[in-house]
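Note: the block below is query11.txt and it holds compact mmCIF, C-alpha atoms.
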# COMPACT_ATOMS: atom_id res chain seq x y z
CA MET N 15 -59.10 18.61 77.54
CA PRO N 16 -55.95 19.19 79.58
CA MET N 17 -53.49 16.35 79.93
CA LYS N 18 -53.60 14.48 83.21
CA ASP N 19 -50.28 15.96 84.42
CA GLU N 20 -51.36 19.51 83.75
CA ASN N 21 -54.54 18.76 85.61
CA ASP N 22 -52.60 17.66 88.69
CA ARG N 23 -50.29 20.64 88.46
CA ASP N 24 -53.28 22.91 88.96
CA THR N 25 -53.95 21.41 92.37
CA ILE N 26 -53.09 23.50 95.41
CA ALA N 27 -52.83 21.37 98.52
CA SER N 28 -52.72 23.53 101.65
CA VAL N 29 -52.00 23.13 105.32
CA PHE N 30 -53.77 25.36 107.82
CA ILE N 31 -52.82 24.42 111.34
CA ALA N 32 -51.84 25.63 114.79
CA THR N 33 -48.75 24.31 116.55
CA SER N 34 -46.99 24.87 119.83
CA LEU N 35 -43.63 26.67 119.63
CA ASP N 36 -41.99 23.26 119.74
CA GLY N 37 -43.99 22.02 116.77
CA PHE N 38 -46.76 19.87 118.25
CA ILE N 39 -50.31 19.90 116.90
CA ALA N 40 -51.73 17.97 119.88
CA ARG N 41 -50.60 16.30 123.07
CA GLU N 42 -49.72 12.62 122.87
CA ASP N 43 -53.35 11.72 123.68
CA GLY N 44 -54.68 14.12 121.04
CA ALA N 45 -55.66 16.86 123.51
CA VAL N 46 -55.65 20.45 122.26
CA ASP N 47 -56.45 22.09 125.60
CA TRP N 48 -53.42 24.37 125.07
CA LEU N 49 -55.08 26.08 122.09
CA PRO N 50 -56.76 29.40 122.87
CA PRO N 51 -60.53 29.09 123.38
CA PHE N 52 -62.70 29.72 120.33
CA GLY N 53 -63.69 33.37 120.36
CA ASP N 54 -64.47 36.14 117.93
CA GLU N 55 -61.09 35.73 116.23
CA ASP N 56 -60.93 32.90 113.72
CA TYR N 57 -57.34 33.57 112.55
CA GLY N 58 -58.41 33.67 108.92
CA TYR N 59 -59.95 30.18 109.06
CA SER N 60 -63.27 30.96 107.38
CA ALA N 61 -61.56 33.00 104.64
CA PHE N 62 -59.21 30.05 104.09
CA MET N 63 -62.09 27.53 104.00
CA LYS N 64 -63.74 29.52 101.21
CA THR N 65 -60.71 28.76 99.01
CA ILE N 66 -61.01 25.01 99.58
CA ASP N 67 -62.81 22.39 97.44
CA ALA N 68 -62.30 19.46 99.82
CA LEU N 69 -60.49 18.33 102.96
CA VAL N 70 -58.13 15.38 102.97
CA MET N 71 -57.34 13.81 106.33
CA GLY N 72 -56.23 10.53 107.82
CA ARG N 73 -58.65 8.36 109.70
CA LYS N 74 -57.09 9.18 113.07
CA THR N 75 -57.77 12.86 112.54
CA PHE N 76 -61.26 12.08 111.24
CA ASP N 77 -61.99 10.02 114.35
CA ARG N 78 -60.66 12.85 116.52
CA VAL N 79 -62.97 15.38 114.84
CA LEU N 80 -65.86 12.96 115.42
CA ALA N 81 -64.86 12.58 119.06
CA PHE N 82 -65.12 16.34 119.62
CA GLY N 83 -68.87 15.77 119.36
CA GLY N 84 -71.38 18.46 118.47
CA ALA N 85 -72.34 19.40 114.93
CA TRP N 86 -70.10 18.23 112.08
CA PRO N 87 -67.80 21.23 111.50
CA TYR N 88 -67.28 21.00 107.72
CA THR N 89 -69.59 21.89 104.86
CA LYS N 90 -67.00 20.89 102.25
CA PRO N 91 -66.45 17.24 101.26
CA VAL N 92 -64.03 15.34 103.49
CA ILE N 93 -61.80 12.67 101.95
CA VAL N 94 -60.76 10.22 104.64
CA LEU N 95 -57.57 8.35 103.83
CA THR N 96 -57.87 4.78 105.06
CA THR N 97 -57.31 1.25 103.93
CA GLN N 98 -60.35 0.23 105.98
CA PRO N 99 -63.25 2.20 104.46
CA SER N 100 -65.75 0.16 106.45
CA LEU N 101 -64.49 1.89 109.61
CA VAL N 102 -65.46 5.34 108.32
CA VAL N 103 -68.81 6.20 109.82
CA VAL N 104 -70.25 9.21 108.06
CA PRO N 105 -71.74 11.57 110.60
CA ASP N 106 -75.04 13.34 110.14
CA GLY N 107 -74.80 16.30 107.77
CA ALA N 108 -71.34 15.38 106.53
CA ILE N 109 -70.08 14.69 103.02
CA CYS N 110 -67.43 12.04 103.56
CA GLU N 111 -65.69 9.56 101.38
CA ALA N 112 -63.05 6.95 102.11
CA MET N 113 -60.06 6.74 99.80
CA SER N 114 -56.67 5.03 99.83
CA GLY N 115 -53.49 5.40 97.85
CA ALA N 116 -50.31 7.41 97.59
CA PRO N 117 -50.65 11.20 97.96
CA ARG N 118 -49.96 11.86 94.26
CA GLU N 119 -52.66 9.36 93.29
CA ILE N 120 -55.16 10.97 95.66
CA VAL N 121 -54.43 14.41 94.24
CA SER N 122 -54.83 13.10 90.70
CA ARG N 123 -58.13 11.37 91.40
CA LEU N 124 -59.56 14.43 93.12
CA ALA N 125 -58.29 16.76 90.36
CA ASP N 126 -60.15 14.61 87.81
CA ARG N 127 -63.30 15.39 89.78
CA GLY N 128 -62.58 19.12 89.87
CA MET N 129 -61.31 19.18 93.47
CA LYS N 130 -58.15 21.19 93.02
CA SER N 131 -57.87 23.15 96.22
CA LEU N 132 -57.29 20.68 99.03
CA TYR N 133 -57.02 21.26 102.77
CA VAL N 134 -54.68 18.52 103.97
CA ASP N 135 -55.03 17.91 107.70
CA GLY N 136 -53.61 15.62 110.37
CA GLY N 137 -49.97 15.01 111.31
CA LEU N 138 -49.16 11.88 109.31
CA THR N 139 -51.19 12.90 106.28
CA ILE N 140 -49.50 16.30 106.15
CA GLN N 141 -46.10 14.60 106.48
CA ARG N 142 -46.84 12.19 103.62
CA PHE N 143 -48.02 15.00 101.33
CA LEU N 144 -45.03 17.17 102.25
CA ASP N 145 -42.61 14.36 101.54
CA ALA N 146 -44.24 13.92 98.13
CA GLY N 147 -43.66 17.64 97.44
CA LEU N 148 -47.41 18.19 97.13
CA ILE N 149 -48.01 20.82 99.83
CA ARG N 150 -47.88 24.12 97.99
CA ARG N 151 -49.21 26.41 100.73
CA MET N 152 -48.77 26.33 104.50
CA ILE N 153 -50.50 28.62 106.96
CA ILE N 154 -48.98 27.87 110.35
CA THR N 155 -50.09 29.55 113.56
CA ARG N 156 -47.67 29.36 116.48
CA VAL N 157 -49.18 29.28 119.95
CA PRO N 158 -46.70 30.66 122.52
CA VAL N 159 -46.34 27.53 124.63
CA LEU N 160 -43.81 24.70 124.80
CA LEU N 161 -45.42 21.31 125.38
CA GLY N 162 -42.26 19.20 125.47
CA ARG N 163 -43.95 16.23 123.80
CA GLY N 164 -46.95 15.43 121.62
CA ILE N 165 -47.98 14.73 118.04
CA PRO N 166 -45.51 16.55 115.78
CA LEU N 167 -46.60 18.58 112.76
CA PHE N 168 -43.50 17.72 110.76
CA GLY N 169 -41.64 14.48 110.25
CA PRO N 170 -38.73 13.00 108.30
CA LEU N 171 -38.32 14.00 104.67
CA GLN N 172 -36.28 12.58 101.85
CA HIS N 173 -35.09 16.04 100.78
CA ASP N 174 -35.12 19.62 102.03
CA VAL N 175 -38.36 21.40 101.08
CA HIS N 176 -37.96 25.12 100.50
CA PHE N 177 -40.77 27.57 101.03
CA THR N 178 -41.22 31.27 100.32
CA HIS N 179 -42.65 33.50 103.01
CA VAL N 180 -45.81 35.32 101.96
CA VAL N 181 -47.07 37.15 105.02
CA THR N 182 -46.99 36.99 108.81
CA HIS N 183 -49.60 38.35 111.16
CA ALA N 184 -49.20 38.62 114.93
CA TYR N 185 -52.54 38.52 116.74
CA PRO N 186 -53.15 40.47 119.96
CA ASP N 187 -53.41 37.20 121.94
CA GLY N 188 -49.84 36.29 121.00
CA LEU N 189 -50.53 33.83 118.19
CA VAL N 190 -48.27 34.37 115.18
CA GLU N 191 -49.55 33.17 111.82
CA SER N 192 -47.21 32.80 108.85
CA GLU N 193 -48.18 31.88 105.32
CA TYR N 194 -45.68 30.15 103.04
CA VAL N 195 -45.83 28.85 99.49
CA LEU N 196 -43.63 26.15 97.99
CA ALA N 197 -40.48 27.89 96.71
CA ALA N 198 -40.79 26.22 93.32
CA ASP N 199 -44.08 28.06 92.91
CA ALA N 200 -42.89 31.49 94.04
CA MET I 6 -26.60 43.16 149.87
CA PRO I 7 -29.49 41.37 148.13
CA MET I 8 -30.35 37.86 149.20
CA LYS I 9 -29.05 35.12 146.95
CA ASP I 10 -32.49 34.28 145.62
CA GLU I 11 -33.26 37.86 144.71
CA ASN I 12 -29.92 38.03 143.00
CA ASP I 13 -30.80 35.04 140.81
CA ARG I 14 -34.20 36.41 140.09
CA ASP I 15 -32.56 39.40 138.39
CA THR I 16 -30.94 37.13 135.84
CA ILE I 17 -32.33 37.15 132.32
CA ALA I 18 -31.28 34.08 130.38
CA SER I 19 -32.04 34.48 126.68
CA VAL I 20 -32.12 32.34 123.57
CA PHE I 21 -31.32 33.93 120.22
CA ILE I 22 -31.36 31.31 117.49
CA ALA I 23 -32.44 30.42 113.98
CA THR I 24 -34.37 27.26 113.23
CA SER I 25 -35.84 25.57 110.21
CA LEU I 26 -39.63 25.54 110.01
CA ASP I 27 -39.50 22.03 111.46
CA GLY I 28 -37.48 23.19 114.46
CA PHE I 29 -33.91 22.15 113.68
CA ILE I 30 -30.92 24.35 114.53
CA ALA I 31 -28.49 22.27 112.47
CA ARG I 32 -28.37 19.14 110.34
CA GLU I 33 -27.47 15.89 112.10
CA ASP I 34 -23.77 16.53 111.35
CA GLY I 35 -23.99 20.11 112.65
CA ALA I 36 -24.12 21.73 109.20
CA VAL I 37 -25.90 25.06 108.87
CA ASP I 38 -25.60 25.39 105.10
CA TRP I 39 -29.38 26.01 104.97
CA LEU I 40 -29.03 29.33 106.82
CA PRO I 41 -28.99 32.41 104.60
CA PRO I 42 -25.46 33.69 103.88
CA PHE I 43 -24.15 36.42 106.17
CA GLY I 44 -24.96 39.74 104.56
CA ASP I 45 -25.79 43.28 105.56
CA GLU I 46 -28.76 42.09 107.61
CA ASP I 47 -27.86 40.80 111.06
CA TYR I 48 -31.45 40.14 112.25
CA GLY I 49 -30.92 42.18 115.39
CA TYR I 50 -27.96 40.07 116.51
CA SER I 51 -25.55 42.90 117.36
CA ALA I 52 -28.27 44.82 119.22
CA PHE I 53 -29.06 41.63 121.15
CA MET I 54 -25.39 40.98 121.94
CA LYS I 55 -25.11 44.45 123.50
CA THR I 56 -27.67 43.35 126.14
CA ILE I 57 -25.61 40.30 127.10
CA ASP I 58 -23.04 39.90 129.91
CA ALA I 59 -21.90 36.39 128.99
CA LEU I 60 -22.63 33.40 126.78
CA VAL I 61 -23.39 29.97 128.20
CA MET I 62 -23.00 27.01 125.87
CA GLY I 63 -22.33 23.31 125.96
CA ARG I 64 -18.98 21.96 124.88
CA LYS I 65 -20.40 20.52 121.63
CA THR I 66 -21.55 23.95 120.57
CA PHE I 67 -18.25 25.45 121.70
CA ASP I 68 -16.32 22.91 119.62
CA ARG I 69 -18.56 23.66 116.65
CA VAL I 70 -17.87 27.39 116.92
CA LEU I 71 -14.15 26.59 117.06
CA ALA I 72 -14.47 24.34 114.02
CA PHE I 73 -15.94 27.19 111.96
CA GLY I 74 -12.38 28.58 112.03
CA GLY I 75 -11.46 32.21 111.47
CA ALA I 76 -11.44 34.83 114.22
CA TRP I 77 -13.18 34.05 117.52
CA PRO I 78 -16.64 35.58 117.08
CA TYR I 79 -17.40 36.70 120.67
CA THR I 80 -16.03 39.62 122.65
CA LYS I 81 -18.14 38.70 125.70
CA PRO I 82 -17.07 35.95 128.14
CA VAL I 83 -18.10 32.44 127.13
CA ILE I 84 -19.00 29.93 129.84
CA VAL I 85 -18.51 26.42 128.50
CA LEU I 86 -20.55 23.81 130.32
CA THR I 87 -18.53 20.64 130.61
CA THR I 88 -17.49 18.05 133.14
CA GLN I 89 -14.13 17.80 131.36
CA PRO I 90 -12.63 21.31 131.64
CA SER I 91 -9.27 20.04 130.38
CA LEU I 92 -10.87 19.55 126.95
CA VAL I 93 -11.75 23.23 126.63
CA VAL I 94 -9.00 24.83 124.56
CA VAL I 95 -9.32 28.59 124.80
CA PRO I 96 -8.82 30.11 121.37
CA ASP I 97 -6.77 33.21 120.73
CA GLY I 98 -8.57 36.41 121.71
CA ALA I 99 -11.35 34.58 123.57
CA ILE I 100 -12.50 34.89 127.17
CA CYS I 101 -13.59 31.36 128.03
CA GLU I 102 -14.20 29.49 131.21
CA ALA I 103 -15.25 25.91 131.88
CA MET I 104 -18.02 25.33 134.39
CA SER I 105 -20.23 22.41 135.38
CA GLY I 106 -23.40 22.03 137.37
CA ALA I 107 -27.17 22.27 137.10
CA PRO I 108 -28.58 25.27 135.22
CA ARG I 109 -29.85 26.96 138.40
CA GLU I 110 -26.43 26.61 140.00
CA ILE I 111 -24.70 28.07 136.92
CA VAL I 112 -27.09 31.04 136.92
CA SER I 113 -26.49 31.62 140.63
CA ARG I 114 -22.71 31.50 140.34
CA LEU I 115 -22.69 33.88 137.39
CA ALA I 116 -25.16 36.25 139.09
CA ASP I 117 -22.79 36.44 142.06
CA ARG I 118 -20.16 37.70 139.64
CA GLY I 119 -22.51 40.28 138.13
CA MET I 120 -23.31 38.29 134.98
CA LYS I 121 -27.07 38.61 134.90
CA SER I 122 -27.88 38.74 131.21
CA LEU I 123 -26.95 35.38 129.72
CA TYR I 124 -27.09 34.20 126.13
CA VAL I 125 -27.77 30.47 126.38
CA ASP I 126 -26.80 28.65 123.21
CA GLY I 127 -26.72 25.11 121.86
CA GLY I 128 -29.54 22.58 121.62
CA LEU I 129 -29.04 20.52 124.78
CA THR I 130 -28.02 23.49 126.94
CA ILE I 131 -31.09 25.47 125.84
CA GLN I 132 -33.27 22.42 126.59
CA ARG I 133 -31.81 22.01 130.09
CA PHE I 134 -32.30 25.70 130.91
CA LEU I 135 -35.84 25.67 129.50
CA ASP I 136 -36.75 22.61 131.53
CA ALA I 137 -35.46 24.40 134.64
CA GLY I 138 -37.75 27.36 133.82
CA LEU I 139 -34.74 29.64 133.50
CA ILE I 140 -35.13 30.90 129.93
CA ARG I 141 -36.96 34.20 130.26
CA ARG I 142 -36.55 35.52 126.73
CA MET I 143 -36.51 33.74 123.37
CA ILE I 144 -35.79 35.35 120.02
CA ILE I 145 -36.43 32.70 117.41
CA THR I 146 -35.91 33.23 113.70
CA ARG I 147 -37.64 30.80 111.37
CA VAL I 148 -35.91 30.01 108.09
CA PRO I 149 -38.47 28.91 105.47
CA VAL I 150 -37.13 25.44 104.84
CA LEU I 151 -38.04 21.97 106.08
CA LEU I 152 -35.00 19.78 106.75
CA GLY I 153 -36.81 16.65 107.87
CA ARG I 154 -34.12 15.72 110.41
CA GLY I 155 -31.32 17.36 112.39
CA ILE I 156 -30.47 18.73 115.83
CA PRO I 157 -33.73 19.95 117.40
CA LEU I 158 -34.01 23.28 119.20
CA PHE I 159 -36.55 21.96 121.69
CA GLY I 160 -36.77 18.75 123.66
CA PRO I 161 -38.85 17.02 126.34
CA LEU I 162 -40.06 19.11 129.27
CA GLN I 163 -41.51 18.17 132.61
CA HIS I 164 -44.24 20.80 132.32
CA ASP I 165 -45.72 23.16 129.74
CA VAL I 166 -43.79 26.41 129.54
CA HIS I 167 -45.92 29.42 128.61
CA PHE I 168 -44.51 32.44 126.85
CA THR I 169 -45.90 35.85 125.97
CA HIS I 170 -45.37 37.19 122.47
CA VAL I 171 -43.54 40.52 122.37
CA VAL I 172 -42.95 41.31 118.71
CA THR I 173 -42.55 39.61 115.34
CA HIS I 174 -40.63 40.93 112.38
CA ALA I 175 -40.71 39.44 108.90
CA TYR I 176 -37.53 40.16 106.94
CA PRO I 177 -37.56 40.69 103.15
CA ASP I 178 -35.61 37.43 102.65
CA GLY I 179 -38.44 35.43 104.24
CA LEU I 180 -37.00 34.95 107.72
CA VAL I 181 -39.56 35.55 110.47
CA GLU I 182 -38.22 36.55 113.87
CA SER I 183 -40.43 36.37 116.98
CA GLU I 184 -39.51 37.52 120.45
CA TYR I 185 -41.16 35.92 123.48
CA VAL I 186 -40.78 36.39 127.22
CA LEU I 187 -41.64 33.85 129.88
CA ALA I 188 -45.35 34.30 130.68
CA ALA I 189 -44.68 34.49 134.41
CA ASP I 190 -42.63 37.63 133.71
CA ALA I 191 -45.13 39.35 131.40

Target format structure tokens, applied to this file:
Amino acid sequence: MPMKDENDRDTIASVFIATSLDGFIAREDGAVDWLPPFGDEDYGYSAFMKTIDALVMGRKTFDRVLAFGGAWPYTKPVIVLTTQPSLVVVPDGAICEAMSGAPREIVSRLADRGMKSLYVDGGLTIQRFLDAGLIRRMIITRVPVLLGRGIPLFGPLQHDVHFTHVVTHAYPDGLVESEYVLAADA
Amino acid sequence: MPMKDENDRDTIASVFIATSLDGFIAREDGAVDWLPPFGDEDYGYSAFMKTIDALVMGRKTFDRVLAFGGAWPYTKPVIVLTTQPSLVVVPDGAICEAMSGAPREIVSRLADRGMKSLYVDGGLTIQRFLDAGLIRRMIITRVPVLLGRGIPLFGPLQHDVHFTHVVTHAYPDGLVESEYVLAADA
């Protein structure tokens, strides 16, 4: 049996997200009308999802996904970070679970259950995991628009976090997707 | 003789700048220690400079360039935007001029003098020109580091500003350079 630390070290927490050129993931009210319409191109999303054991998101992001309406978009388990689990209403067809704690604790608990490839989503949750040095892969797609204000992808950090560039792909519609891994891992 | 408006419309104001992944062009104290060291690779800078008639920068950026010491780095005229022209000390070997006014007025005055390809530099100056819809070309190079805080490239805008992607180049050292033109021009 591996030691607990080694177990955690196996975890790959990833970010897969689109931002405006000025770094916003949504307008201040959560609107993503500036994203290109869903079409034939999925920008590597389904290939990425195949590498994922579970999603980890804050309750605000969870509520926003719910508010989009329609069928629940995830087949993988969704861990909703909240201190008020009673507020998490599990939608039809979804595998959801409320959890609370520091990012490192969340990673450890999920690793113990064999969930070692995590898709971390939502502005604040991504920022908390980044600040804890736990985001080991980022796939960021830049949409060629400046919004001027909104919900930022990145936030304050206690230290610089260095990444290594893996690959960049420019799509015909002008979206530019870059993949990075944590420099310590490269 | 072209009408004044047509004259202005010929002007191409460009941004050529490096940012961290989280959109900072310098640390809070102006430090750019996180940029890769100057080497053989110039990331297209000298080719870009050949397309430029003049630089336009705020006095803070001007003072920062001065503070770097060594030889003055620009052979092209530098327009320093300031309301206190007496504070602009022209360094040896430099062509510098103090000017003040709204971005559109600056562009118009320079166009009248045949300066129609402008390199707009410095956080606040870039933001003012962007907000006025005057930046028609952006060449942004992303350095794979998160700083968490610093001087941001972008700021608030009154409206969305749409760009069209031209080309992206990923350098072997991990820097990713994307060129955009204002969508209205594409």

Could you give me chain I least-squares fitted onto chain N (all C-alpha atoms, paired in order), as a compact mmCIF listing (two decimals) with C-alpha atoms, in the frame of the given file?
# COMPACT_ATOMS: atom_id res chain seq x y z
CA MET I 6 -59.09 18.55 77.62
CA PRO I 7 -55.90 19.16 79.63
CA MET I 8 -53.42 16.35 79.98
CA LYS I 9 -53.54 14.49 83.27
CA ASP I 10 -50.26 15.94 84.46
CA GLU I 11 -51.32 19.50 83.76
CA ASN I 12 -54.52 18.79 85.59
CA ASP I 13 -52.60 17.71 88.70
CA ARG I 14 -50.30 20.64 88.45
CA ASP I 15 -53.30 22.94 88.96
CA THR I 16 -53.95 21.43 92.36
CA ILE I 17 -53.10 23.51 95.41
CA ALA I 18 -52.82 21.38 98.52
CA SER I 19 -52.71 23.54 101.64
CA VAL I 20 -51.98 23.13 105.33
CA PHE I 21 -53.77 25.38 107.81
CA ILE I 22 -52.81 24.42 111.35
CA ALA I 23 -51.82 25.63 114.79
CA THR I 24 -48.74 24.32 116.55
CA SER I 25 -46.98 24.88 119.82
CA LEU I 26 -43.65 26.67 119.63
CA ASP I 27 -42.00 23.25 119.74
CA GLY I 28 -44.00 22.03 116.75
CA PHE I 29 -46.76 19.88 118.25
CA ILE I 30 -50.31 19.91 116.89
CA ALA I 31 -51.72 17.98 119.86
CA ARG I 32 -50.61 16.30 123.07
CA GLU I 33 -49.73 12.61 122.87
CA ASP I 34 -53.36 11.72 123.68
CA GLY I 35 -54.68 14.13 121.03
CA ALA I 36 -55.66 16.86 123.50
CA VAL I 37 -55.66 20.45 122.27
CA ASP I 38 -56.47 22.09 125.59
CA TRP I 39 -53.43 24.37 125.07
CA LEU I 40 -55.07 26.09 122.09
CA PRO I 41 -56.75 29.41 122.87
CA PRO I 42 -60.53 29.09 123.37
CA PHE I 43 -62.70 29.72 120.32
CA GLY I 44 -63.68 33.37 120.36
CA ASP I 45 -64.47 36.15 117.93
CA GLU I 46 -61.09 35.74 116.24
CA ASP I 47 -60.93 32.92 113.72
CA TYR I 48 -57.34 33.57 112.54
CA GLY I 49 -58.41 33.67 108.91
CA TYR I 50 -59.94 30.19 109.05
CA SER I 51 -63.28 30.98 107.39
CA ALA I 52 -61.57 32.99 104.64
CA PHE I 53 -59.20 30.06 104.09
CA MET I 54 -62.06 27.54 104.01
CA LYS I 55 -63.74 29.52 101.22
CA THR I 56 -60.70 28.76 99.00
CA ILE I 57 -61.02 25.02 99.57
CA ASP I 58 -62.81 22.39 97.45
CA ALA I 59 -62.30 19.46 99.82
CA LEU I 60 -60.51 18.32 102.96
CA VAL I 61 -58.12 15.38 102.97
CA MET I 62 -57.34 13.80 106.33
CA GLY I 63 -56.23 10.53 107.81
CA ARG I 64 -58.67 8.35 109.68
CA LYS I 65 -57.10 9.18 113.07
CA THR I 66 -57.77 12.85 112.53
CA PHE I 67 -61.25 12.06 111.24
CA ASP I 68 -62.00 10.01 114.35
CA ARG I 69 -60.68 12.83 116.52
CA VAL I 70 -62.97 15.35 114.84
CA LEU I 71 -65.87 12.95 115.42
CA ALA I 72 -64.88 12.55 119.06
CA PHE I 73 -65.10 16.31 119.63
CA GLY I 74 -68.87 15.75 119.37
CA GLY I 75 -71.41 18.42 118.51
CA ALA I 76 -72.35 19.38 114.95
CA TRP I 77 -70.11 18.23 112.09
CA PRO I 78 -67.80 21.20 111.51
CA TYR I 79 -67.27 20.99 107.72
CA THR I 80 -69.62 21.87 104.88
CA LYS I 81 -67.02 20.88 102.26
CA PRO I 82 -66.44 17.23 101.26
CA VAL I 83 -64.03 15.33 103.49
CA ILE I 84 -61.80 12.67 101.95
CA VAL I 85 -60.76 10.21 104.64
CA LEU I 86 -57.57 8.34 103.83
CA THR I 87 -57.87 4.79 105.05
CA THR I 88 -57.33 1.24 103.90
CA GLN I 89 -60.37 0.22 105.97
CA PRO I 90 -63.27 2.20 104.45
CA SER I 91 -65.79 0.15 106.46
CA LEU I 92 -64.51 1.89 109.61
CA VAL I 93 -65.45 5.33 108.32
CA VAL I 94 -68.83 6.17 109.84
CA VAL I 95 -70.25 9.19 108.07
CA PRO I 96 -71.75 11.55 110.63
CA ASP I 97 -75.04 13.32 110.17
CA GLY I 98 -74.82 16.28 107.80
CA ALA I 99 -71.34 15.36 106.56
CA ILE I 100 -70.09 14.68 103.05
CA CYS I 101 -67.42 12.05 103.58
CA GLU I 102 -65.69 9.56 101.38
CA ALA I 103 -63.05 6.94 102.11
CA MET I 104 -60.08 6.74 99.77
CA SER I 105 -56.69 5.05 99.82
CA GLY I 106 -53.51 5.40 97.84
CA ALA I 107 -50.32 7.43 97.60
CA PRO I 108 -50.65 11.21 97.96
CA ARG I 109 -49.97 11.85 94.25
CA GLU I 110 -52.66 9.36 93.29
CA ILE I 111 -55.18 10.96 95.68
CA VAL I 112 -54.44 14.41 94.23
CA SER I 113 -54.85 13.09 90.69
CA ARG I 114 -58.16 11.38 91.39
CA LEU I 115 -59.57 14.44 93.11
CA ALA I 116 -58.31 16.77 90.36
CA ASP I 117 -60.18 14.63 87.82
CA ARG I 118 -63.33 15.40 89.79
CA GLY I 119 -62.59 19.13 89.88
CA MET I 120 -61.30 19.19 93.46
CA LYS I 121 -58.14 21.20 93.02
CA SER I 122 -57.87 23.17 96.23
CA LEU I 123 -57.30 20.68 99.04
CA TYR I 124 -57.01 21.26 102.77
CA VAL I 125 -54.67 18.52 103.98
CA ASP I 126 -55.02 17.91 107.69
CA GLY I 127 -53.61 15.62 110.36
CA GLY I 128 -49.98 15.01 111.31
CA LEU I 129 -49.15 11.88 109.32
CA THR I 130 -51.19 12.89 106.26
CA ILE I 131 -49.50 16.31 106.14
CA GLN I 132 -46.10 14.59 106.47
CA ARG I 133 -46.84 12.19 103.60
CA PHE I 134 -48.01 15.00 101.32
CA LEU I 135 -45.02 17.17 102.25
CA ASP I 136 -42.60 14.35 101.54
CA ALA I 137 -44.24 13.92 98.13
CA GLY I 138 -43.66 17.64 97.44
CA LEU I 139 -47.40 18.19 97.12
CA ILE I 140 -48.01 20.81 99.82
CA ARG I 141 -47.87 24.13 98.00
CA ARG I 142 -49.21 26.41 100.71
CA MET I 143 -48.78 26.34 104.49
CA ILE I 144 -50.50 28.63 106.96
CA ILE I 145 -48.99 27.88 110.34
CA THR I 146 -50.08 29.56 113.55
CA ARG I 147 -47.68 29.37 116.47
CA VAL I 148 -49.18 29.28 119.95
CA PRO I 149 -46.69 30.64 122.51
CA VAL I 150 -46.34 27.53 124.62
CA LEU I 151 -43.82 24.71 124.80
CA LEU I 152 -45.43 21.31 125.39
CA GLY I 153 -42.28 19.21 125.45
CA ARG I 154 -43.96 16.21 123.79
CA GLY I 155 -46.97 15.42 121.62
CA ILE I 156 -48.00 14.73 118.03
CA PRO I 157 -45.52 16.56 115.77
CA LEU I 158 -46.61 18.60 112.76
CA PHE I 159 -43.51 17.71 110.77
CA GLY I 160 -41.63 14.48 110.25
CA PRO I 161 -38.72 12.99 108.30
CA LEU I 162 -38.31 14.01 104.67
CA GLN I 163 -36.25 12.59 101.86
CA HIS I 164 -35.08 16.04 100.78
CA ASP I 165 -35.13 19.63 102.02
CA VAL I 166 -38.35 21.39 101.09
CA HIS I 167 -37.95 25.13 100.50
CA PHE I 168 -40.76 27.58 101.03
CA THR I 169 -41.19 31.27 100.31
CA HIS I 170 -42.64 33.50 103.00
CA VAL I 171 -45.79 35.34 101.94
CA VAL I 172 -47.06 37.17 105.01
CA THR I 173 -46.98 37.00 108.80
CA HIS I 174 -49.59 38.36 111.15
CA ALA I 175 -49.19 38.62 114.91
CA TYR I 176 -52.53 38.52 116.73
CA PRO I 177 -53.14 40.48 119.96
CA ASP I 178 -53.42 37.21 121.93
CA GLY I 179 -49.84 36.28 121.00
CA LEU I 180 -50.53 33.84 118.18
CA VAL I 181 -48.26 34.38 115.17
CA GLU I 182 -49.55 33.18 111.82
CA SER I 183 -47.19 32.80 108.83
CA GLU I 184 -48.17 31.89 105.31
CA TYR I 185 -45.66 30.16 103.03
CA VAL I 186 -45.83 28.84 99.48
CA LEU I 187 -43.62 26.16 98.00
CA ALA I 188 -40.47 27.89 96.71
CA ALA I 189 -40.76 26.23 93.31
CA ASP I 190 -44.09 28.06 92.89
CA ALA I 191 -42.91 31.50 94.04

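Distance check against chain I using all atoms listed in the file: of N:Phe30, N:Trp48, N:Phe143, N:Phe76, the minimum falls on N:Trp48.
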
**Item:** d(atom CA of Asp97 of chain I, atom CA of Tyr48 of chain I) in Å
**Value:**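 Between atom CA of Asp97 of chain I and atom CA of Tyr48 of chain I the gap is 27.0 Å.
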
**Request:** Find the spatial neighbours of Asp126 of chain I, counting all atoms listed in the file, within a cut-off of 8 Å - ignore same-chain residues fewer than 4 positions away - and output them as a list in words.
**Result:**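 Residues near the query, excluding close chain neighbours: Val20, Phe21, Ile22, Leu60, Val61, Met62, Gly63, Thr66, Thr130 and Ile131 of chain I.
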
**Message:** One number please: atom CA of Lys81 of chain I to atom CA of Arg118 of chain I, in Å, one decimal.
**Reply:** 14.1 Å

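Using only C-alpha atoms, the smallest distance between any of I:Gln89, I:Ser122, I:Thr16, I:Ser105 and Thr56 of chain I comes from I:Ser122.
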
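Shell of Leu92 of chain I at 10 Å, with all atoms listed in the file counted and residues fewer than 3 places along the chain excluded, is Arg64, Asp68, Thr87, Thr88, Gln89, Val95 and Ala103 of chain I.
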
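Between atom CA of Asp47 of chain N and atom CA of Trp86 of chain N the separation is 19.6 Å.
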
**Request:** For Ala31 of chain I, list every protein, DNA or RNA residue within 6 Å, evaluated using only C-alpha atoms, and leave out those in the same chain fewer than 2 positions away; present the list as a ChimeraX atom specification.
**Result:** /I:29,35-37,155-156

Keeping only C-alpha atoms, take the residues you just selected and write them out as a JSON list (two decimals), in the coordinates of the input.
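Saved result, selection34.json, follows:
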[["chain", "number", "residue", "atom", "x", "y", "z"],
["I", 29, "PHE", "CA", -33.91, 22.15, 113.68],
["I", 35, "GLY", "CA", -23.99, 20.11, 112.65],
["I", 36, "ALA", "CA", -24.12, 21.73, 109.20],
["I", 37, "VAL", "CA", -25.90, 25.06, 108.87],
["I", 155, "GLY", "CA", -31.32, 17.36, 112.39],
["I", 156, "ILE", "CA", -30.47, 18.73, 115.83]]
